[in-house]
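*Asks:* What follows is run-v8.pdb, PDB, C-alpha atoms, pLDDT in the B column.
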```pdb
ATOM      1  CA  MET S  29     -29.979  64.640   6.534  1.00 57.00           C
ATOM      2  CA  SER S  30     -27.949  64.727   3.353  1.00 64.00           C
ATOM      3  CA  HIS S  31     -24.796  66.799   3.524  1.00 67.00           C
ATOM      4  CA  GLU S  32     -25.210  67.734  -0.158  1.00 71.00           C
ATOM      5  CA  ARG S  33     -27.897  70.296   0.700  1.00 83.00           C
ATOM      6  CA  LEU S  34     -25.724  72.051   3.256  1.00 91.00           C
ATOM      7  CA  ARG S  35     -23.135  74.772   2.732  1.00 93.00           C
ATOM      8  CA  ARG S  36     -19.487  73.889   3.194  1.00 93.00           C
ATOM      9  CA  ASP S  37     -19.102  76.543   5.887  1.00 94.00           C
ATOM     10  CA  ASP S  38     -21.746  74.740   7.989  1.00 94.00           C
ATOM     11  CA  PRO S  39     -20.258  72.343  10.581  1.00 95.00           C
ATOM     12  CA  VAL S  40     -23.239  70.025  10.079  1.00 94.00           C
ATOM     13  CA  PHE S  41     -22.053  69.477   6.473  1.00 94.00           C
ATOM     14  CA  TYR S  42     -18.887  67.805   7.775  1.00 93.00           C
ATOM     15  CA  LYS S  43     -20.690  65.852  10.500  1.00 94.00           C
ATOM     16  CA  CYS S  44     -23.092  64.393   7.939  1.00 94.00           C
ATOM     17  CA  ALA S  45     -20.346  63.713   5.395  1.00 94.00           C
ATOM     18  CA  ILE S  46     -18.204  61.863   7.947  1.00 95.00           C
ATOM     19  CA  GLN S  47     -21.172  59.881   9.280  1.00 96.00           C
ATOM     20  CA  GLY S  48     -22.061  58.923   5.711  1.00 96.00           C
ATOM     21  CA  LEU S  49     -18.537  57.682   4.980  1.00 96.00           C
ATOM     22  CA  ILE S  50     -18.438  55.680   8.211  1.00 97.00           C
ATOM     23  CA  GLN S  51     -21.776  54.050   7.399  1.00 97.00           C
ATOM     24  CA  GLU S  52     -20.612  53.290   3.853  1.00 98.00           C
ATOM     25  CA  ALA S  53     -17.455  51.657   5.232  1.00 98.00           C
ATOM     26  CA  ARG S  54     -19.555  49.500   7.585  1.00 98.00           C
ATOM     27  CA  ASN S  55     -21.890  48.550   4.733  1.00 98.00           C
ATOM     28  CA  ASN S  56     -18.825  47.451   2.757  1.00 97.00           C
ATOM     29  CA  GLY S  57     -17.704  45.161   5.585  1.00 98.00           C
ATOM     30  CA  LEU S  58     -14.953  47.274   7.119  1.00 98.00           C
ATOM     31  CA  GLU S  59     -14.284  47.186  10.844  1.00 98.00           C
ATOM     32  CA  ILE S  60     -14.026  50.666  12.332  1.00 98.00           C
ATOM     33  CA  SER S  61     -12.170  51.602  15.491  1.00 97.00           C
ATOM     34  CA  ILE S  62     -10.585  54.586  17.189  1.00 97.00           C
ATOM     35  CA  GLY S  63      -7.094  54.592  18.651  1.00 96.00           C
ATOM     36  CA  MET S  64      -4.837  57.028  20.409  1.00 94.00           C
ATOM     37  CA  ASP S  65      -1.103  57.450  20.725  1.00 90.00           C
ATOM     38  CA  ARG S  66       0.875  60.242  22.399  1.00 89.00           C
ATOM     39  CA  THR S  67      -0.654  63.164  20.528  1.00 93.00           C
ATOM     40  CA  LYS S  68      -3.014  61.747  17.903  1.00 95.00           C
ATOM     41  CA  THR S  69      -6.524  60.364  17.907  1.00 96.00           C
ATOM     42  CA  LYS S  70      -7.095  58.218  14.809  1.00 97.00           C
ATOM     43  CA  LEU S  71     -10.032  56.575  13.089  1.00 97.00           C
ATOM     44  CA  TYR S  72      -9.056  53.149  11.708  1.00 98.00           C
ATOM     45  CA  PHE S  73     -10.654  51.143   8.921  1.00 98.00           C
ATOM     46  CA  LYS S  74      -9.802  47.436   8.619  1.00 98.00           C
ATOM     47  CA  SER S  75     -10.914  44.953   5.985  1.00 98.00           C
ATOM     48  CA  ASP S  76     -11.420  41.235   6.459  1.00 97.00           C
ATOM     49  CA  THR S  77      -8.252  40.681   4.379  1.00 97.00           C
ATOM     50  CA  GLY S  78      -6.205  42.482   7.037  1.00 95.00           C
ATOM     51  CA  GLU S  79      -5.628  45.682   5.107  1.00 97.00           C
ATOM     52  CA  SER S  80      -6.026  48.783   7.235  1.00 97.00           C
ATOM     53  CA  ALA S  81      -5.764  52.549   7.087  1.00 97.00           C
ATOM     54  CA  GLY S  82      -6.028  55.263   9.684  1.00 96.00           C
ATOM     55  CA  ALA S  83      -7.045  58.908   9.492  1.00 96.00           C
ATOM     56  CA  VAL S  84      -5.865  61.433  12.078  1.00 95.00           C
ATOM     57  CA  LEU S  85      -8.898  63.059  13.663  1.00 94.00           C
ATOM     58  CA  LEU S  86      -7.083  65.196  16.199  1.00 94.00           C
ATOM     59  CA  ASP S  87      -3.433  65.990  16.796  1.00 94.00           C
ATOM     60  CA  THR S  88      -2.989  67.609  20.191  1.00 90.00           C
ATOM     61  CA  ALA S  89       0.556  68.699  19.284  1.00 85.00           C
ATOM     62  CA  TYR S  90      -1.065  71.459  17.236  1.00 78.00           C
ATOM     63  CA  ILE S  91      -3.617  72.610  19.821  1.00 74.00           C
ATOM     64  CA  THR S  92      -2.657  75.785  21.632  1.00 65.00           C
TER      65      THR S  92
END
```
Just dump the structure as structure tokens.
*Replies:*
Amino acid sequence: MSHERLRRDDPVFYKCAIQGLIQEARNNGLEISIGMDRTKTKLYFKSDTGESAGAVLLDTAYIT
């Protein structure tokens, strides 16, 4: 399902958009992993040249 046909207030829009970006990263040769530290769960992208970047998915310090 394409996220472009969904409304932005629909949670499925974000699920599809994120899945699409993850698949695109894999298609472009990036290694994808998930890591955790004290309060954060992160999604990491790593290239074969060693470059990497992480996106915070969840920060439990802000959950009440």
*Asks:* Take the PyMOL selection byres ((chain S and resi 51-57) around 12), apply it to the structure above, and return the hits as a PyMOL selection string.
*Replies:* chain S and resi 44-50+58-61+71-78+80-81
*Asks:* Quick one: distance from atom CA of S:Arg66 to atom CA of S:Asp87 in Å, one decimal?
*Replies:*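 Spanning atom CA of S:Arg66 to atom CA of S:Asp87 is a straight-line distance of 9.1 Å.
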*Asks:* What does the structure give for the distance between atom CA of S:Arg36 and atom CA of S:Thr88, in Å to one decimal?
*Replies:*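 So the answer is 24.5 Å.
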*Asks:* Given the PyMOL selection byres ((chain S and resi 83) around 6) and the file above, list the residues it selects as a PDB file with C-alpha atoms, in the frame of the given file.
*Replies:*
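Output saved as selection.pdb:
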```pdb
ATOM      1  CA  LYS S  70      -7.095  58.218  14.809  1.00 97.00           C
ATOM      2  CA  LEU S  71     -10.032  56.575  13.089  1.00 97.00           C
ATOM      3  CA  GLY S  82      -6.028  55.263   9.684  1.00 96.00           C
ATOM      4  CA  VAL S  84      -5.865  61.433  12.078  1.00 95.00           C
TER       5      VAL S  84
END
```
*Asks:* One number please: atom CA of S:Lys68 to atom CA of S:Ala89, in Å, one decimal.
*Replies:*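 Separation between atom CA of S:Lys68 and atom CA of S:Ala89: 7.9 Å.
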*Asks:* Edge lengths and centre in Å to one decimal, as lines of an AutoDock Vina configuration file, is what I'm after for the box along x, y and z that holds all listed atoms of stretch 66-82 of chain S once 3 Å is added on each side.
*Replies:*
```
center_x = -5.3
center_y = 51.9
center_z = 13.4
size_x = 18.3
size_y = 28.5
size_z = 24.0
```
